[in-house]
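Here the structure is laid out as structure tokens; the discussion comes afterwards.
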Amino acid sequence: MDTLIFILVIIAIGFASYLIGSINCSILISKIFKQDVRNSGSGNAGATNMLRTFGPAAGVITMLGDFLKTLIPLVATRIIFKDEEYWQAMVAFSGFCCSMGHAFPIYFGFRGGKAVTVVAMVLFVVDWRCFVVAVSLFVLTIALTRYVSLGSMIGAFSGPVTMFFISHDNLANRWFVVVCLLALAIMILLLHWENVKRLVKGTERKFKFKKD
């Protein structure tokens with residue numbers, strides 16, 4: 001691919017991924033209830049707060065919507081670079097931009113969700129083994145502690161670690177993917193910083209599968 005065309009394609013992928021990621025399903029769905037989910041519960045525009053505020057159906061629909069919106073730019077990027085050895089690096093880049101859109105959506109005053117579902121889908125498309133490890137740790141952590149935030153952070157940080165050990169790509173591509181996944185994990189940590197403070201204090205809210 002010509003260098004100029006490559007750069008233009010990368011820019012286009014970045015912008016498109018961010019704009020699609022900015023479509024926040026929880027905010028849109030909560031409008032059906034004539035509320036803004038960001039003004040309810042934990043104030044987070046995500047599936048967990050939707051479940052706690054509006055019930056399991058709203059939470060599941062939100063999660064499925066976030067899965068779908070994330071798949072669109074990631075699969076498109078995978079198709080564009082299907083014949084290139086560095087396709088995983090490009091998918092990781094697209095996923096990072098999509099996650100930034102979800103967390104800081106241009107359509108909703110840059111106040112979005114914590115991007116846990118989006119990051120999970122990034123791991124799935126980059127390498128399904130990263131996804132399996134992350135989801136397993138997420139579920140195990142919640143089962144043992146009932147802290148969704150802790151499970152989310154542990155799952156996110158497992159991504160770059162798993163990728164580092166399982167990737168057999170050339171060094172440059174391998175490190176680019178690992179760095180992108182690490183950046184996503186750090187973003188998850190920062191977006192959960194208030195949760196971290198509550199975890200330290202022992203005041204973090206535990207998960208219950210029922211509407212408050």
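Every chain in the structure tokens takes a letter, A first, then B, and so on in the order presented; its residues are numbered from 1, and the ligands are numbered from 1 following the presented order.
Excluding stretch 149-166 of chain A and any residue on its chain fewer than 2 positions from it, the residues at most 6 Å away by only C-alpha atoms are Cys130, Ala134, Leu137, Phe138, Thr141, Ile142, Tyr147, Val178, Leu181, Leu182 and Ala185 of chain A.
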For A:Arg38, find every residue with an atom within 9 Å (counting only C-alpha atoms), except residues of its own chain fewer than 2 positions away, and show them as a CSV table (one decimal) with N, CA and C atoms, in the first residue's frame.
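Writing the result to around-v9.csv gives the following:
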```csv
chain,number,residue,atom,x,y,z
A,26,SER,N,-26.3,2.9,26.1
A,26,SER,CA,-27.0,3.1,27.4
A,26,SER,C,-27.7,4.4,27.4
A,27,ILE,N,-27.1,5.5,26.9
A,27,ILE,CA,-27.7,6.8,27.0
A,27,ILE,C,-29.0,6.8,26.1
A,35,GLN,N,-35.3,9.0,30.9
A,35,GLN,CA,-34.2,9.4,31.8
A,35,GLN,C,-32.9,9.4,31.1
A,36,ASP,N,-31.9,10.0,31.7
A,36,ASP,CA,-30.5,9.8,31.3
A,36,ASP,C,-29.8,9.0,32.3
A,40,SER,N,-28.5,8.6,37.0
A,40,SER,CA,-29.1,7.6,37.9
A,40,SER,C,-28.0,6.6,38.4
A,41,GLY,N,-28.2,6.0,39.5
A,41,GLY,CA,-27.3,5.0,40.0
A,41,GLY,C,-25.9,5.5,40.2
A,42,SER,N,-24.9,4.8,39.6
A,42,SER,CA,-23.5,5.2,39.7
A,42,SER,C,-23.2,6.4,38.8
A,43,GLY,N,-24.1,6.7,37.9
A,43,GLY,CA,-23.8,7.8,37.0
A,43,GLY,C,-23.0,7.4,35.8
A,44,ASN,N,-22.7,6.1,35.7
A,44,ASN,CA,-21.9,5.6,34.6
A,44,ASN,C,-22.8,5.2,33.4
A,45,ALA,N,-22.4,5.6,32.2
A,45,ALA,CA,-23.2,5.3,31.0
A,45,ALA,C,-22.8,3.9,30.5
A,46,GLY,N,-23.1,2.9,31.2
A,46,GLY,CA,-22.7,1.5,30.8
A,46,GLY,C,-23.7,0.5,31.1
A,49,ASN,N,-24.7,-0.2,35.0
A,49,ASN,CA,-25.6,0.8,35.6
A,49,ASN,C,-27.0,0.7,35.0
A,111,ARG,N,-19.0,12.7,27.8
A,111,ARG,CA,-19.3,12.0,29.1
A,111,ARG,C,-19.9,10.7,28.8
A,112,GLY,N,-19.1,9.6,28.7
A,112,GLY,CA,-19.7,8.3,28.4
A,112,GLY,C,-19.5,7.3,29.4
A,113,GLY,N,-19.2,6.0,28.9
A,113,GLY,CA,-19.1,4.9,29.8
A,113,GLY,C,-17.6,4.6,30.1
```
Return as a Markdown table the residues of stretch 74-105 of chain A lying at most 8 Å from stretch 4-22 of chain A, together with the closest atom-to-atom pair for each and the distance in Å to one decimal, counting only C-alpha atoms, with rows in chain order and ascending residue number.
```
| residue | atom | partner | partner_atom | distance |
| --- | --- | --- | --- | --- |
| A:Leu74 | CA | A:Ser17 | CA | 8.0 |
| A:Thr77 | CA | A:Ile13 | CA | 7.2 |
| A:Phe93 | CA | A:Gly14 | CA | 7.4 |
| A:Ser94 | CA | A:Ser17 | CA | 5.8 |
| A:Gly95 | CA | A:Ser17 | CA | 7.3 |
| A:Cys97 | CA | A:Tyr18 | CA | 4.9 |
| A:Cys98 | CA | A:Gly21 | CA | 4.3 |
| A:Ser99 | CA | A:Gly21 | CA | 6.2 |
| A:Met100 | CA | A:Tyr18 | CA | 6.4 |
| A:Gly101 | CA | A:Ser22 | CA | 4.2 |
| A:His102 | CA | A:Gly21 | CA | 4.8 |
| A:Ala103 | CA | A:Ser22 | CA | 7.6 |
| A:Phe104 | CA | A:Ser22 | CA | 7.0 |
| A:Pro105 | CA | A:Ser22 | CA | 4.0 |
```
- [ ] Looking only at alpha helix (DSSP H) from DSSP on the backbone, list the matching residues of stretch 18-198 of chain A as a PyMOL selection string.
- [x] chain A and resi 18-21+25-30+47-54+56-80+87-103+116-126+128-145+148-166+171-191+193-198
Convert the current residue selection to file output with C-alpha atoms, as a short mmCIF file (atom, residue, chain, number, x, y, z; two decimals), in the first residue's frame.
```cif
data_model
loop_
_atom_site.label_atom_id
_atom_site.label_comp_id
_atom_site.auth_asym_id
_atom_site.auth_seq_id
_atom_site.Cartn_x
_atom_site.Cartn_y
_atom_site.Cartn_z
CA TYR A 18 -14.10 7.15 17.31
CA LEU A 19 -17.39 8.38 15.83
CA ILE A 20 -18.96 4.92 15.90
CA GLY A 21 -17.66 4.35 19.41
CA CYS A 25 -26.23 2.61 23.67
CA SER A 26 -26.96 3.08 27.37
CA ILE A 27 -27.72 6.78 26.95
CA LEU A 28 -29.93 6.16 23.93
CA ILE A 29 -31.80 3.26 25.54
CA SER A 30 -32.29 5.13 28.82
CA ALA A 47 -24.39 -1.87 30.90
CA THR A 48 -23.88 -2.46 34.65
CA ASN A 49 -25.56 0.81 35.63
CA MET A 50 -28.34 0.12 33.12
CA LEU A 51 -28.94 -3.27 34.76
CA ARG A 52 -28.97 -1.79 38.24
CA THR A 53 -31.19 1.13 37.26
CA PHE A 54 -33.61 -0.27 34.68
CA PRO A 56 -31.64 -7.05 33.45
CA ALA A 57 -33.29 -6.60 30.03
CA ALA A 58 -31.99 -3.05 29.68
CA GLY A 59 -28.53 -4.16 30.79
CA VAL A 60 -28.36 -7.05 28.33
CA ILE A 61 -29.65 -4.97 25.41
CA THR A 62 -27.09 -2.27 26.21
CA MET A 63 -24.27 -4.82 26.28
CA LEU A 64 -25.35 -6.35 22.97
CA GLY A 65 -25.57 -2.89 21.42
CA ASP A 66 -22.05 -2.05 22.59
CA PHE A 67 -20.78 -5.37 21.24
CA LEU A 68 -22.32 -4.66 17.83
CA LYS A 69 -21.14 -1.08 17.50
CA THR A 70 -17.60 -2.16 18.39
CA LEU A 71 -17.58 -5.03 15.90
CA ILE A 72 -18.42 -2.72 12.98
CA PRO A 73 -15.14 -0.72 12.89
CA LEU A 74 -13.03 -3.65 14.07
CA VAL A 75 -14.30 -6.08 11.43
CA ALA A 76 -14.08 -3.38 8.76
CA THR A 77 -10.44 -2.77 9.73
CA ARG A 78 -9.77 -6.52 9.72
CA ILE A 79 -11.17 -6.76 6.18
CA ILE A 80 -9.18 -3.76 4.92
CA TRP A 87 -3.66 -6.56 10.71
CA GLN A 88 -3.78 -7.14 14.48
CA ALA A 89 -1.95 -3.87 15.06
CA MET A 90 -4.49 -2.01 12.92
CA VAL A 91 -7.42 -3.67 14.68
CA ALA A 92 -5.90 -2.73 18.06
CA PHE A 93 -5.56 0.88 16.87
CA SER A 94 -9.18 0.92 15.68
CA GLY A 95 -10.26 -0.56 19.00
CA PHE A 96 -8.41 2.10 20.94
CA CYS A 97 -10.13 4.87 18.97
CA CYS A 98 -13.52 3.17 19.38
CA SER A 99 -12.95 2.88 23.14
CA MET A 100 -12.04 6.55 23.35
CA GLY A 101 -15.30 7.35 21.59
CA HIS A 102 -17.27 5.26 24.06
CA ALA A 103 -15.59 6.88 27.07
CA VAL A 116 -15.39 -2.44 29.51
CA THR A 117 -17.62 -4.09 26.91
CA VAL A 118 -15.82 -2.29 24.08
CA VAL A 119 -12.39 -3.41 25.30
CA ALA A 120 -13.67 -6.99 25.62
CA MET A 121 -14.65 -6.95 21.95
CA VAL A 122 -11.27 -5.50 20.99
CA LEU A 123 -9.59 -8.45 22.71
CA PHE A 124 -11.96 -10.86 20.94
CA VAL A 125 -11.15 -9.56 17.45
CA VAL A 126 -7.42 -9.10 18.08
CA TRP A 128 -9.84 -14.78 20.88
CA ARG A 129 -7.47 -16.31 23.42
CA CYS A 130 -6.97 -12.88 25.03
CA PHE A 131 -10.74 -12.56 25.22
CA VAL A 132 -11.17 -15.98 26.85
CA VAL A 133 -8.53 -15.25 29.50
CA ALA A 134 -9.97 -11.79 30.22
CA VAL A 135 -13.58 -12.98 30.50
CA SER A 136 -12.54 -15.94 32.66
CA LEU A 137 -10.71 -13.66 35.09
CA PHE A 138 -13.59 -11.17 35.01
CA VAL A 139 -16.16 -13.83 35.91
CA LEU A 140 -13.91 -15.48 38.52
CA THR A 141 -13.19 -12.16 40.21
CA ILE A 142 -16.88 -11.25 40.40
CA ALA A 143 -17.77 -14.72 41.66
CA LEU A 144 -15.20 -14.41 44.45
CA THR A 145 -15.61 -10.74 45.37
CA VAL A 148 -17.56 -5.70 38.88
CA SER A 149 -15.03 -2.87 38.81
CA LEU A 150 -12.23 -5.11 40.11
CA GLY A 151 -13.12 -7.83 37.62
CA SER A 152 -13.13 -5.27 34.80
CA MET A 153 -9.68 -3.96 35.66
CA ILE A 154 -8.13 -7.39 36.13
CA GLY A 155 -9.65 -8.59 32.86
CA ALA A 156 -8.40 -5.52 31.00
CA PHE A 157 -4.82 -5.86 32.23
CA SER A 158 -4.78 -9.54 31.34
CA GLY A 159 -5.11 -8.53 27.67
CA PRO A 160 -1.62 -7.12 27.05
CA VAL A 161 -0.02 -9.76 29.28
CA THR A 162 -1.69 -12.63 27.42
CA MET A 163 -0.90 -11.09 24.04
CA PHE A 164 2.76 -10.71 24.98
CA PHE A 165 3.11 -14.43 25.66
CA ILE A 166 0.97 -15.87 22.87
CA LEU A 171 8.67 -7.84 17.12
CA ALA A 172 7.36 -4.46 15.89
CA ASN A 173 3.80 -5.64 15.34
CA ARG A 174 3.79 -7.63 18.57
CA TRP A 175 4.85 -4.65 20.66
CA PHE A 176 2.45 -2.28 18.89
CA VAL A 177 -0.49 -4.55 19.74
CA VAL A 178 0.71 -5.04 23.32
CA VAL A 179 1.14 -1.29 23.81
CA CYS A 180 -2.34 -0.59 22.40
CA LEU A 181 -3.89 -3.17 24.72
CA LEU A 182 -1.89 -1.79 27.64
CA ALA A 183 -3.13 1.72 26.80
CA LEU A 184 -6.70 0.37 26.88
CA ALA A 185 -6.07 -1.29 30.25
CA ILE A 186 -4.66 1.95 31.69
CA MET A 187 -7.70 3.80 30.33
CA ILE A 188 -9.97 1.29 32.09
CA LEU A 189 -8.01 1.84 35.32
CA LEU A 190 -8.29 5.63 35.08
CA LEU A 191 -12.01 5.48 34.26
CA TRP A 193 -10.31 5.48 39.59
CA GLU A 194 -13.21 6.38 41.89
CA ASN A 195 -13.98 2.67 42.14
CA VAL A 196 -10.35 2.04 43.09
CA LYS A 197 -10.65 4.57 45.91
CA ARG A 198 -13.82 2.90 47.16
#
```
- [ ] Could you check how far atom CA of A:Lys206 sits from atom CA of A:Gly55, in Å to one decimal?
- [x]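 Computed distance, atom CA of A:Lys206 to atom CA of A:Gly55, equals 16.0 Å.
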Open item on the list: Between A:Glu204, A:His192, A:Asp83, A:Asp127, which residue has the minimum interatomic distance to A:Lys114, considering only C-alpha atoms?
Closed with: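 Ranking A:Glu204, A:His192, A:Asp83, A:Asp127 by distance to A:Lys114, first place goes to A:His192.
Atom pair atom CA of A:Arg146 / atom CA of A:Val37 has a distance of 22.0 Å (rounded to one decimal).
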